[in-house]
file model.cif (mmCIF, C-alpha atoms)
data_work
#
loop_
_atom_site.group_PDB
_atom_site.id
_atom_site.type_symbol
_atom_site.label_atom_id
_atom_site.label_comp_id
_atom_site.auth_asym_id
_atom_site.auth_seq_id
_atom_site.Cartn_x
_atom_site.Cartn_y
_atom_site.Cartn_z
ATOM 1 C CA ASN A 1 0.000 0.000 0.000
ATOM 2 C CA SER A 2 1.114 3.537 -0.685
ATOM 3 C CA PRO A 3 1.330 6.086 2.181
ATOM 4 C CA LYS A 4 -1.861 7.691 0.892
ATOM 5 C CA LYS A 5 -3.707 4.388 1.034
ATOM 6 C CA LEU A 6 -2.610 3.936 4.646
ATOM 7 C CA MET A 7 -4.394 7.139 5.630
ATOM 8 C CA LEU A 8 -7.826 5.902 4.566
ATOM 9 C CA PRO A 9 -10.383 4.741 7.176
ATOM 10 C CA LEU A 10 -11.234 1.133 7.892
ATOM 11 C CA THR A 11 -14.283 1.360 5.684
ATOM 12 C CA GLU A 12 -11.900 1.203 2.704
ATOM 13 C CA ASN A 13 -11.514 -2.598 2.822
ATOM 14 C CA TYR A 14 -9.433 -2.734 5.980
ATOM 15 C CA MET A 15 -9.586 -5.754 8.234
ATOM 16 C CA VAL A 16 -10.475 -4.833 11.818
ATOM 17 C CA ARG A 17 -7.881 -6.164 14.236
ATOM 18 C CA ARG A 18 -8.023 -5.746 17.978
ATOM 19 C CA ARG A 19 -5.382 -6.545 20.552
ATOM 20 C CA ARG A 20 -5.339 -6.330 24.340
ATOM 21 C CA PHE A 21 -2.122 -5.724 26.241
ATOM 22 C CA VAL A 22 -1.839 -5.781 30.023
ATOM 23 C CA PHE A 23 0.822 -3.724 31.812
ATOM 24 C CA ASP A 24 1.189 -4.736 35.449
ATOM 25 C CA ALA A 25 2.067 -2.224 38.136
ATOM 26 C CA SER A 26 5.722 -3.267 38.517
ATOM 27 C CA LYS A 27 6.382 -2.962 34.778
ATOM 28 C CA ILE A 28 4.707 0.447 34.697
ATOM 29 C CA ALA A 29 6.881 1.602 37.617
ATOM 30 C CA ALA A 30 10.006 0.595 35.680
ATOM 31 C CA LEU A 31 8.674 2.255 32.537
ATOM 32 C CA LYS A 32 8.020 5.517 34.414
ATOM 33 C CA VAL A 33 11.680 5.569 35.502
ATOM 34 C CA LYS A 34 12.824 5.224 31.893
ATOM 35 C CA ALA A 35 10.373 7.889 30.720
ATOM 36 C CA ALA A 36 11.302 10.429 33.413
ATOM 37 C CA SER A 37 13.330 13.494 32.463
ATOM 38 C CA ALA A 38 14.165 16.964 33.717
ATOM 39 C CA THR A 39 11.105 18.221 31.821
ATOM 40 C CA VAL A 40 8.743 15.606 33.299
ATOM 41 C CA PRO A 41 10.428 14.138 36.404
ATOM 42 C CA SER A 42 7.348 12.149 37.475
ATOM 43 C CA PRO A 43 5.358 10.834 34.509
ATOM 44 C CA THR A 44 1.919 9.446 35.219
ATOM 45 C CA ARG A 45 1.284 5.817 34.393
ATOM 46 C CA VAL A 46 -1.014 6.884 31.535
ATOM 47 C CA GLU A 47 1.695 9.145 30.103
ATOM 48 C CA ALA A 48 4.323 6.406 30.328
ATOM 49 C CA VAL A 49 2.152 3.703 28.732
ATOM 50 C CA SER A 50 0.834 6.109 26.068
ATOM 51 C CA ALA A 51 4.379 7.121 25.130
ATOM 52 C CA LEU A 52 5.460 3.485 24.855
ATOM 53 C CA ILE A 53 2.499 2.595 22.630
ATOM 54 C CA TRP A 54 3.141 5.674 20.478
ATOM 55 C CA LYS A 55 6.816 4.746 20.161
ATOM 56 C CA CYS A 56 5.972 1.159 19.167
ATOM 57 C CA ALA A 57 3.337 2.345 16.677
ATOM 58 C CA MET A 58 5.880 4.605 14.989
ATOM 59 C CA GLU A 59 8.388 1.750 14.844
ATOM 60 C CA ALA A 60 5.729 -0.454 13.229
ATOM 61 C CA SER A 61 5.030 2.291 10.685
ATOM 62 C CA ARG A 62 8.739 2.553 9.910
ATOM 63 C CA SER A 63 8.916 -1.221 9.454
ATOM 64 C CA ASN A 64 5.973 -1.155 7.028
ATOM 65 C CA LEU A 65 7.060 1.889 5.018
ATOM 66 C CA GLY A 66 10.827 1.559 5.183
ATOM 67 C CA PHE A 67 11.274 5.039 6.654
ATOM 68 C CA VAL A 68 10.223 7.096 9.671
ATOM 69 C CA ARG A 69 7.763 9.955 9.363
ATOM 70 C CA SER A 70 6.226 12.497 11.703
ATOM 71 C CA SER A 71 3.066 11.661 13.617
ATOM 72 C CA THR A 72 0.411 13.057 15.931
ATOM 73 C CA TRP A 73 -1.151 11.662 19.104
ATOM 74 C CA ARG A 74 -4.676 12.877 19.853
ATOM 75 C CA HIS A 75 -5.636 12.347 23.474
ATOM 76 C CA ALA A 76 -9.111 12.842 24.933
ATOM 77 C CA VAL A 77 -9.036 15.071 28.032
ATOM 78 C CA ASN A 78 -11.725 15.324 30.706
ATOM 79 C CA MET A 79 -12.700 19.008 30.674
ATOM 80 C CA ARG A 80 -14.460 18.734 34.042
ATOM 81 C CA LYS A 81 -11.044 18.815 35.714
ATOM 82 C CA ILE A 82 -9.883 21.808 33.670
ATOM 83 C CA LEU A 83 -12.721 24.326 33.633
ATOM 84 C CA ALA A 84 -12.744 26.484 36.741
ATOM 85 C CA ARG A 85 -16.520 26.857 36.759
ATOM 86 C CA PRO A 86 -18.166 24.899 39.600
ATOM 87 C CA PHE A 87 -20.953 23.440 37.442
ATOM 88 C CA ALA A 88 -18.564 21.472 35.241
ATOM 89 C CA GLU A 89 -18.417 18.423 37.541
ATOM 90 C CA ASN A 90 -22.198 17.914 37.420
ATOM 91 C CA LEU A 91 -22.777 18.219 33.676
ATOM 92 C CA LEU A 92 -24.442 15.212 32.062
ATOM 93 C CA GLY A 93 -22.941 13.297 29.165
ATOM 94 C CA ASN A 94 -19.479 13.412 27.663
ATOM 95 C CA PHE A 95 -17.518 16.573 28.319
ATOM 96 C CA SER A 96 -14.122 16.025 26.769
ATOM 97 C CA PHE A 97 -11.821 17.805 24.363
ATOM 98 C CA TYR A 98 -8.592 16.815 22.656
ATOM 99 C CA ALA A 99 -4.949 17.579 23.229
ATOM 100 C CA ILE A 100 -2.738 17.104 20.176
ATOM 101 C CA SER A 101 0.928 16.137 20.426
ATOM 102 C CA ARG A 102 3.205 16.017 17.413
ATOM 103 C CA VAL A 103 6.664 14.579 16.903
ATOM 104 C CA GLU A 104 9.034 14.764 13.966
ATOM 105 C CA GLU A 105 11.012 11.891 12.486
ATOM 106 C CA ASN A 106 14.124 12.454 14.605
ATOM 107 C CA GLU A 107 12.130 12.359 17.863
ATOM 108 C CA ALA A 108 10.267 9.106 17.283
ATOM 109 C CA ASN A 109 12.514 6.790 19.327
ATOM 110 C CA ASP A 110 12.917 8.931 22.448
ATOM 111 C CA LEU A 111 10.498 7.892 25.197
ATOM 112 C CA GLN A 112 11.314 10.948 27.304
ATOM 113 C CA ILE A 113 10.551 13.325 24.436
ATOM 114 C CA LEU A 114 7.233 11.606 23.793
ATOM 115 C CA VAL A 115 6.192 11.921 27.447
ATOM 116 C CA ALA A 116 7.219 15.595 27.442
ATOM 117 C CA LYS A 117 5.138 16.181 24.304
ATOM 118 C CA LEU A 118 2.099 14.513 25.879
ATOM 119 C CA ARG A 119 2.433 16.552 29.073
ATOM 120 C CA LYS A 120 2.950 19.832 27.191
ATOM 121 C CA SER A 121 -0.140 19.418 25.006
ATOM 122 C CA VAL A 122 -2.378 18.829 28.042
ATOM 123 C CA GLU A 123 -0.848 21.738 29.963
ATOM 124 C CA GLU A 124 -1.420 24.045 26.991
ATOM 125 C CA LEU A 125 -5.039 22.898 26.835
ATOM 126 C CA LYS A 126 -5.457 23.706 30.525
ATOM 127 C CA VAL A 127 -4.029 27.202 30.090
ATOM 128 C CA LYS A 128 -6.139 27.927 27.030
ATOM 129 C CA HIS A 129 -9.470 26.664 28.358
ATOM 130 C CA THR A 130 -9.353 27.172 32.127
ATOM 131 C CA ASN A 131 -12.170 29.725 32.009
ATOM 132 C CA GLU A 132 -14.219 28.627 29.023
ATOM 133 C CA ILE A 133 -14.432 26.583 25.864
ATOM 134 C CA ARG A 134 -16.357 28.213 23.064
ATOM 135 C CA ALA A 135 -18.018 26.749 19.996
ATOM 136 C CA VAL A 136 -15.591 28.671 17.803
ATOM 137 C CA ASP A 137 -12.690 26.941 19.603
ATOM 138 C CA VAL A 138 -14.151 23.530 18.801
ATOM 139 C CA VAL A 139 -14.691 24.430 15.146
ATOM 140 C CA GLN A 140 -11.154 25.790 14.825
ATOM 141 C CA PHE A 141 -9.688 22.695 16.462
ATOM 142 C CA PHE A 142 -11.357 20.265 14.084
ATOM 143 C CA LYS A 143 -10.446 22.471 11.124
ATOM 144 C CA GLU A 144 -6.766 22.408 12.058
ATOM 145 C CA TYR A 145 -6.792 18.718 12.956
ATOM 146 C CA GLY A 146 -8.573 17.903 9.708
ATOM 147 C CA GLU A 147 -5.749 19.583 7.818
ATOM 148 C CA LEU A 148 -3.218 17.485 9.733
ATOM 149 C CA ILE A 149 -4.805 14.107 9.059
ATOM 150 C CA GLU A 150 -5.167 14.886 5.355
ATOM 151 C CA LYS A 151 -1.402 15.022 4.971
ATOM 152 C CA ASP A 152 0.088 12.063 3.144
ATOM 153 C CA ASP A 153 3.387 12.189 5.019
ATOM 154 C CA MET A 154 2.075 11.846 8.574
ATOM 155 C CA ASP A 155 0.670 9.085 10.794
ATOM 156 C CA ASN A 156 -2.111 9.887 13.252
ATOM 157 C CA TYR A 157 -3.052 8.067 16.441
ATOM 158 C CA THR A 158 -5.967 8.557 18.821
ATOM 159 C CA CYS A 159 -6.115 7.547 22.480
ATOM 160 C CA SER A 160 -8.690 7.757 25.240
ATOM 161 C CA SER A 161 -7.997 6.814 28.853
ATOM 162 C CA LEU A 162 -10.699 5.434 31.127
ATOM 163 C CA CYS A 163 -8.249 4.918 33.978
ATOM 164 C CA ARG A 164 -9.624 5.869 37.410
ATOM 165 C CA PHE A 165 -13.199 5.438 36.219
ATOM 166 C CA PRO A 166 -14.685 3.024 38.798
ATOM 167 C CA PHE A 167 -15.963 0.396 36.370
ATOM 168 C CA CYS A 168 -14.634 -2.447 38.521
ATOM 169 C CA SER A 169 -16.700 -1.144 41.445
ATOM 170 C CA ALA A 170 -19.998 -1.616 39.614
ATOM 171 C CA ASN A 171 -22.327 -4.014 41.393
ATOM 172 C CA PHE A 172 -25.647 -4.994 39.823
ATOM 173 C CA GLY A 173 -26.582 -7.417 42.568
ATOM 174 C CA TRP A 174 -24.216 -10.304 41.891
ATOM 175 C CA GLY A 175 -20.944 -8.797 43.108
ATOM 176 C CA LYS A 176 -18.198 -6.732 41.544
ATOM 177 C CA PRO A 177 -16.966 -7.766 38.086
ATOM 178 C CA SER A 178 -13.819 -9.865 37.830
ATOM 179 C CA CYS A 179 -12.902 -7.990 34.654
ATOM 180 C CA THR A 180 -14.245 -5.380 32.229
ATOM 181 C CA ARG A 181 -14.008 -5.136 28.446
ATOM 182 C CA PHE A 182 -14.616 -2.203 26.106
ATOM 183 C CA PRO A 183 -15.548 -2.056 22.411
ATOM 184 C CA LEU A 184 -13.535 0.062 20.019
ATOM 185 C CA THR A 185 -15.174 2.384 17.514
ATOM 186 C CA GLU A 186 -15.426 0.942 14.015
ATOM 187 C CA GLY A 187 -14.186 2.926 11.045
ATOM 188 C CA PHE A 188 -11.045 4.430 12.568
ATOM 189 C CA LYS A 189 -7.416 3.403 12.257
ATOM 190 C CA ASN A 190 -4.798 3.543 14.980
ATOM 191 C CA MET A 191 -7.165 4.005 17.917
ATOM 192 C CA PHE A 192 -6.167 3.053 21.470
ATOM 193 C CA LEU A 193 -8.152 2.757 24.686
ATOM 194 C CA LEU A 194 -6.579 2.548 28.149
ATOM 195 C CA SER A 195 -8.351 1.293 31.266
ATOM 196 C CA ASP A 196 -7.455 0.084 34.741
ATOM 197 C CA ALA A 197 -6.384 -3.498 35.168
ATOM 198 C CA THR A 198 -8.328 -5.532 37.704
ATOM 199 C CA ASP A 199 -5.986 -4.583 40.565
ATOM 200 C CA GLY A 200 -6.538 -0.872 39.880
ATOM 201 C CA ASN A 201 -2.804 -0.203 39.465
ATOM 202 C CA GLY A 202 -1.959 -1.820 36.161
ATOM 203 C CA ILE A 203 -3.271 -0.746 32.760
ATOM 204 C CA GLU A 204 -5.037 -2.671 30.012
ATOM 205 C CA ALA A 205 -4.497 -1.266 26.517
ATOM 206 C CA TYR A 206 -6.850 -2.101 23.669
#
call {"tool": "encode", "arguments": {"input": "model.cif", "output": "structure tokens"}}
result
Amino acid sequence: NSPKKLMLPLTENYMVRRRRFVFDASKIAALKVKAASATVPSPTRVEAVSALIWKCAMEASRSNLGFVRSSTWRHAVNMRKILARPFAENLLGNFSFYAISRVEENEANDLQILVAKLRKSVEELKVKHTNEIRAVDVVQFFKEYGELIEKDDMDNYTCSSLCRFPFCSANFGWGKPSCTRFPLTEGFKNMFLLSDATDGNGIEAY
């Protein structure tokens, strides 16, 4: 397939493949040490695992294409924890926005750089939207992101983290679940979902 073909959605005759990877707490602790830097001395477990997955995805792309190219990582962010307004916590439905991180070809193999990029994009989102998020901001975001994903020389990845959501505490009358599973959205390439492992400290990546 040509690079342009690789950018098309799954609806263009792509086979849907799903994988589940489990990172236990001890492995994540070791990974956080490797990912730490002067810029981000204490990476979160989500940042460390996200950076590793991003790094591996870029290496897979290089293996397929024969060369490395720049890429973006789009991460869903819970806006309830960012907006200063007191009503944000009690809003119904999804209330998330996206932070976009981008790396160039020469940065693809550096775990510390990837973590720093992830942290910076979220911090910039916090600064920009602490007081409000307007409809015009949403429109502008999708306009700019649409221009990015239309480029033939760039890979794009999307991630959403459900870590710390108390799914394993749900009890419908027959006890807490021994495990939880989540579907992935059809029609999109390179999408990742992170959730707590059963012990609450590890991470399952889909």
call {"tool": "closest_residue", "arguments": {"input": "model.cif", "among": "A:Ala99, A:Cys168, A:Ala116, A:Ala25", "to": "Phe141 (chain A)", "atoms": "all atoms listed in the file"}}
result
A:Ala99
call {"tool": "resolve_selection", "arguments": {"input": "model.cif", "expression": "the PyMOL selection byres ((chain A and resi 45) around 12)", "output": "PyMOL selection string"}}
result
chain A and resi 23-36+42-44+46-52+115+161+163-164+194-196+200-204
call {"tool": "closest_residue", "arguments": {"input": "model.cif", "among": "A:Thr198, A:Gln112, A:Ser160, A:Gln140", "to": "Asn78 (chain A)", "atoms": "all atoms listed in the file"}}
result
A:Ser160
call {"tool": "residues_around", "arguments": {"input": "model.cif", "residues": "Ile133 (chain A)", "least_positions_apart": "3", "cutoff": "12 Å", "atoms": "all atoms listed in the file", "output": "VMD selection string"}}
result
chain A and resid 79 to 80 82 to 85 88 95 to 98 125 to 130 136 to 141
call {"tool": "atom_distance", "arguments": {"input": "model.cif", "atom1": "CA of Val103 (chain A)", "atom2": "CA of Thr72 (chain A)"}}
result
6.5 Å
call {"tool": "closest_residue", "arguments": {"input": "model.cif", "among": "A:Val22, A:Val40, A:Met154, A:Cys179", "to": "Trp73 (chain A)", "atoms": "only C-alpha atoms"}}
result
A:Met154
call {"tool": "atom_distance", "arguments": {"input": "model.cif", "atom1": "CA of Ser101 (chain A)", "atom2": "CA of His75 (chain A)"}}
result
8.2 Å
call {"tool": "residues_around", "arguments": {"input": "model.cif", "residues": "region 69-71 of chain A", "least_positions_apart": "5", "cutoff": "6 Å", "atoms": "all atoms listed in the file", "output": "number ranges by chain"}}
result
A: 102-105, 154-156
call {"tool": "closest_residue", "arguments": {"input": "model.cif", "among": "A:Ser169, A:Asn94, A:Ser178, A:Thr158", "to": "Asn190 (chain A)", "atoms": "all atoms listed in the file"}}
result
A:Thr158
call {"tool": "resolve_selection", "arguments": {"input": "model.cif", "expression": "the PyMOL selection byres ((chain A and resi 191) around 7)", "output": "mmCIF file with C-alpha atoms, keeping the file's coordinate frame"}}
result
data_model
loop_
_atom_site.group_PDB
_atom_site.id
_atom_site.type_symbol
_atom_site.label_atom_id
_atom_site.label_comp_id
_atom_site.auth_asym_id
_atom_site.auth_seq_id
_atom_site.Cartn_x
_atom_site.Cartn_y
_atom_site.Cartn_z
ATOM 1 C CA TYR A 157 -3.052 8.067 16.441
ATOM 2 C CA THR A 158 -5.967 8.557 18.821
ATOM 3 C CA CYS A 159 -6.115 7.547 22.480
ATOM 4 C CA PHE A 188 -11.045 4.430 12.568
ATOM 5 C CA LYS A 189 -7.416 3.403 12.257
ATOM 6 C CA ASN A 190 -4.798 3.543 14.980
ATOM 7 C CA PHE A 192 -6.167 3.053 21.470
ATOM 8 C CA LEU A 193 -8.152 2.757 24.686
#
call {"tool": "atom_distance", "arguments": {"input": "model.cif", "atom1": "CA of Arg181 (chain A)", "atom2": "CA of Asp199 (chain A)"}}
result
14.5 Å
call {"tool": "closest_residue", "arguments": {"input": "model.cif", "among": "A:Ala38, A:Ala205, A:Ile149, A:Ile53", "to": "Leu111 (chain A)", "atoms": "all atoms listed in the file"}}
result
A:Ile53
call {"tool": "closest_residue", "arguments": {"input": "model.cif", "among": "A:Leu114, A:Asn106, A:Tyr206, A:Leu162", "to": "Arg19 (chain A)", "atoms": "all atoms listed in the file"}}
result
A:Tyr206
call {"tool": "decode", "arguments": {"input": "model.cif", "residues": "region 117-128 of chain A", "atoms": "all heavy atoms", "output": "PDB file, in the first residue's frame"}}
result
ATOM      1  N   LYS A 117       6.101  15.662  25.279  1.00  0.00           N
ATOM      2  CA  LYS A 117       5.138  16.181  24.304  1.00  0.00           C
ATOM      3  C   LYS A 117       3.701  15.978  24.803  1.00  0.00           C
ATOM      4  O   LYS A 117       2.857  16.869  24.673  1.00  0.00           O
ATOM      5  CB  LYS A 117       5.321  15.465  22.963  1.00  0.00           C
ATOM      6  CG  LYS A 117       6.655  15.724  22.277  1.00  0.00           C
ATOM      7  CD  LYS A 117       6.624  16.972  21.441  1.00  0.00           C
ATOM      8  CE  LYS A 117       7.891  17.099  20.611  1.00  0.00           C
ATOM      9  NZ  LYS A 117       7.893  18.300  19.760  1.00  0.00           N
ATOM     10  N   LEU A 118       3.439  14.797  25.358  1.00  0.00           N
ATOM     11  CA  LEU A 118       2.099  14.513  25.879  1.00  0.00           C
ATOM     12  C   LEU A 118       1.745  15.464  27.016  1.00  0.00           C
ATOM     13  O   LEU A 118       0.644  16.022  27.062  1.00  0.00           O
ATOM     14  CB  LEU A 118       2.023  13.065  26.365  1.00  0.00           C
ATOM     15  CG  LEU A 118       2.139  11.969  25.295  1.00  0.00           C
ATOM     16  CD1 LEU A 118       2.270  10.602  25.951  1.00  0.00           C
ATOM     17  CD2 LEU A 118       0.939  11.996  24.360  1.00  0.00           C
ATOM     18  N   ARG A 119       2.687  15.664  27.934  1.00  0.00           N
ATOM     19  CA  ARG A 119       2.433  16.552  29.073  1.00  0.00           C
ATOM     20  C   ARG A 119       2.218  17.996  28.602  1.00  0.00           C
ATOM     21  O   ARG A 119       1.311  18.685  29.077  1.00  0.00           O
ATOM     22  CB  ARG A 119       3.619  16.482  30.035  1.00  0.00           C
ATOM     23  CG  ARG A 119       3.555  17.448  31.229  1.00  0.00           C
ATOM     24  CD  ARG A 119       2.486  17.075  32.215  1.00  0.00           C
ATOM     25  NE  ARG A 119       2.701  15.793  32.848  1.00  0.00           N
ATOM     26  CZ  ARG A 119       3.433  15.605  33.970  1.00  0.00           C
ATOM     27  NH1 ARG A 119       3.975  16.661  34.585  1.00  0.00           N
ATOM     28  NH2 ARG A 119       3.573  14.399  34.479  1.00  0.00           N
ATOM     29  N   LYS A 120       3.039  18.448  27.664  1.00  0.00           N
ATOM     30  CA  LYS A 120       2.950  19.832  27.191  1.00  0.00           C
ATOM     31  C   LYS A 120       1.609  20.114  26.525  1.00  0.00           C
ATOM     32  O   LYS A 120       1.001  21.172  26.754  1.00  0.00           O
ATOM     33  CB  LYS A 120       4.081  20.123  26.213  1.00  0.00           C
ATOM     34  CG  LYS A 120       4.084  21.558  25.689  1.00  0.00           C
ATOM     35  CD  LYS A 120       5.224  21.786  24.700  1.00  0.00           C
ATOM     36  CE  LYS A 120       5.188  23.210  24.159  1.00  0.00           C
ATOM     37  NZ  LYS A 120       6.268  23.455  23.167  1.00  0.00           N
ATOM     38  N   SER A 121       1.123  19.178  25.718  1.00  0.00           N
ATOM     39  CA  SER A 121      -0.140  19.418  25.006  1.00  0.00           C
ATOM     40  C   SER A 121      -1.307  19.547  25.976  1.00  0.00           C
ATOM     41  O   SER A 121      -2.207  20.369  25.784  1.00  0.00           O
ATOM     42  CB  SER A 121      -0.402  18.302  23.998  1.00  0.00           C
ATOM     43  OG  SER A 121      -0.581  17.053  24.647  1.00  0.00           O
ATOM     44  N   VAL A 122      -1.304  18.748  27.051  1.00  0.00           N
ATOM     45  CA  VAL A 122      -2.378  18.829  28.042  1.00  0.00           C
ATOM     46  C   VAL A 122      -2.264  20.120  28.845  1.00  0.00           C
ATOM     47  O   VAL A 122      -3.271  20.786  29.131  1.00  0.00           O
ATOM     48  CB  VAL A 122      -2.356  17.604  28.975  1.00  0.00           C
ATOM     49  CG1 VAL A 122      -3.388  17.762  30.086  1.00  0.00           C
ATOM     50  CG2 VAL A 122      -2.642  16.331  28.188  1.00  0.00           C
ATOM     51  N   GLU A 123      -1.041  20.502  29.211  1.00  0.00           N
ATOM     52  CA  GLU A 123      -0.848  21.738  29.963  1.00  0.00           C
ATOM     53  C   GLU A 123      -1.287  22.949  29.142  1.00  0.00           C
ATOM     54  O   GLU A 123      -1.884  23.891  29.678  1.00  0.00           O
ATOM     55  CB  GLU A 123       0.621  21.881  30.376  1.00  0.00           C
ATOM     56  CG  GLU A 123       1.083  20.863  31.411  1.00  0.00           C
ATOM     57  CD  GLU A 123       0.287  20.946  32.694  1.00  0.00           C
ATOM     58  OE1 GLU A 123      -0.038  22.071  33.124  1.00  0.00           O
ATOM     59  OE2 GLU A 123      -0.024  19.885  33.276  1.00  0.00           O
ATOM     60  N   GLU A 124      -0.991  22.946  27.860  1.00  0.00           N
ATOM     61  CA  GLU A 124      -1.420  24.045  26.991  1.00  0.00           C
ATOM     62  C   GLU A 124      -2.941  24.095  26.895  1.00  0.00           C
ATOM     63  O   GLU A 124      -3.530  25.184  26.851  1.00  0.00           O
ATOM     64  CB  GLU A 124      -0.802  23.883  25.601  1.00  0.00           C
ATOM     65  CG  GLU A 124       0.695  24.150  25.566  1.00  0.00           C
ATOM     66  CD  GLU A 124       1.304  23.907  24.195  1.00  0.00           C
ATOM     67  OE1 GLU A 124       0.625  23.279  23.347  1.00  0.00           O
ATOM     68  OE2 GLU A 124       2.443  24.341  23.970  1.00  0.00           O
ATOM     69  N   LEU A 125      -3.575  22.942  26.871  1.00  0.00           N
ATOM     70  CA  LEU A 125      -5.039  22.898  26.835  1.00  0.00           C
ATOM     71  C   LEU A 125      -5.622  23.494  28.119  1.00  0.00           C
ATOM     72  O   LEU A 125      -6.605  24.236  28.085  1.00  0.00           O
ATOM     73  CB  LEU A 125      -5.506  21.451  26.658  1.00  0.00           C
ATOM     74  CG  LEU A 125      -7.003  21.244  26.406  1.00  0.00           C
ATOM     75  CD1 LEU A 125      -7.403  21.778  25.048  1.00  0.00           C
ATOM     76  CD2 LEU A 125      -7.351  19.764  26.512  1.00  0.00           C
ATOM     77  N   LYS A 126      -4.992  23.177  29.242  1.00  0.00           N
ATOM     78  CA  LYS A 126      -5.457  23.706  30.525  1.00  0.00           C
ATOM     79  C   LYS A 126      -5.356  25.226  30.561  1.00  0.00           C
ATOM     80  O   LYS A 126      -6.270  25.916  31.008  1.00  0.00           O
ATOM     81  CB  LYS A 126      -4.645  23.108  31.667  1.00  0.00           C
ATOM     82  CG  LYS A 126      -4.901  21.644  31.928  1.00  0.00           C
ATOM     83  CD  LYS A 126      -4.035  21.141  33.069  1.00  0.00           C
ATOM     84  CE  LYS A 126      -4.291  19.678  33.360  1.00  0.00           C
ATOM     85  NZ  LYS A 126      -3.425  19.172  34.449  1.00  0.00           N
ATOM     86  N   VAL A 127      -4.230  25.751  30.087  1.00  0.00           N
ATOM     87  CA  VAL A 127      -4.029  27.202  30.090  1.00  0.00           C
ATOM     88  C   VAL A 127      -5.036  27.895  29.179  1.00  0.00           C
ATOM     89  O   VAL A 127      -5.618  28.927  29.528  1.00  0.00           O
ATOM     90  CB  VAL A 127      -2.590  27.546  29.651  1.00  0.00           C
ATOM     91  CG1 VAL A 127      -2.433  29.051  29.431  1.00  0.00           C
ATOM     92  CG2 VAL A 127      -1.590  27.064  30.697  1.00  0.00           C
ATOM     93  N   LYS A 128      -5.278  27.297  28.024  1.00  0.00           N
ATOM     94  CA  LYS A 128      -6.139  27.927  27.030  1.00  0.00           C
ATOM     95  C   LYS A 128      -7.603  27.902  27.422  1.00  0.00           C
ATOM     96  O   LYS A 128      -8.360  28.849  27.130  1.00  0.00           O
ATOM     97  CB  LYS A 128      -5.957  27.228  25.682  1.00  0.00           C
ATOM     98  CG  LYS A 128      -6.712  27.890  24.536  1.00  0.00           C
ATOM     99  CD  LYS A 128      -6.376  27.218  23.210  1.00  0.00           C
ATOM    100  CE  LYS A 128      -7.094  27.901  22.055  1.00  0.00           C
ATOM    101  NZ  LYS A 128      -6.769  27.252  20.753  1.00  0.00           N
TER     102      LYS A 128
END
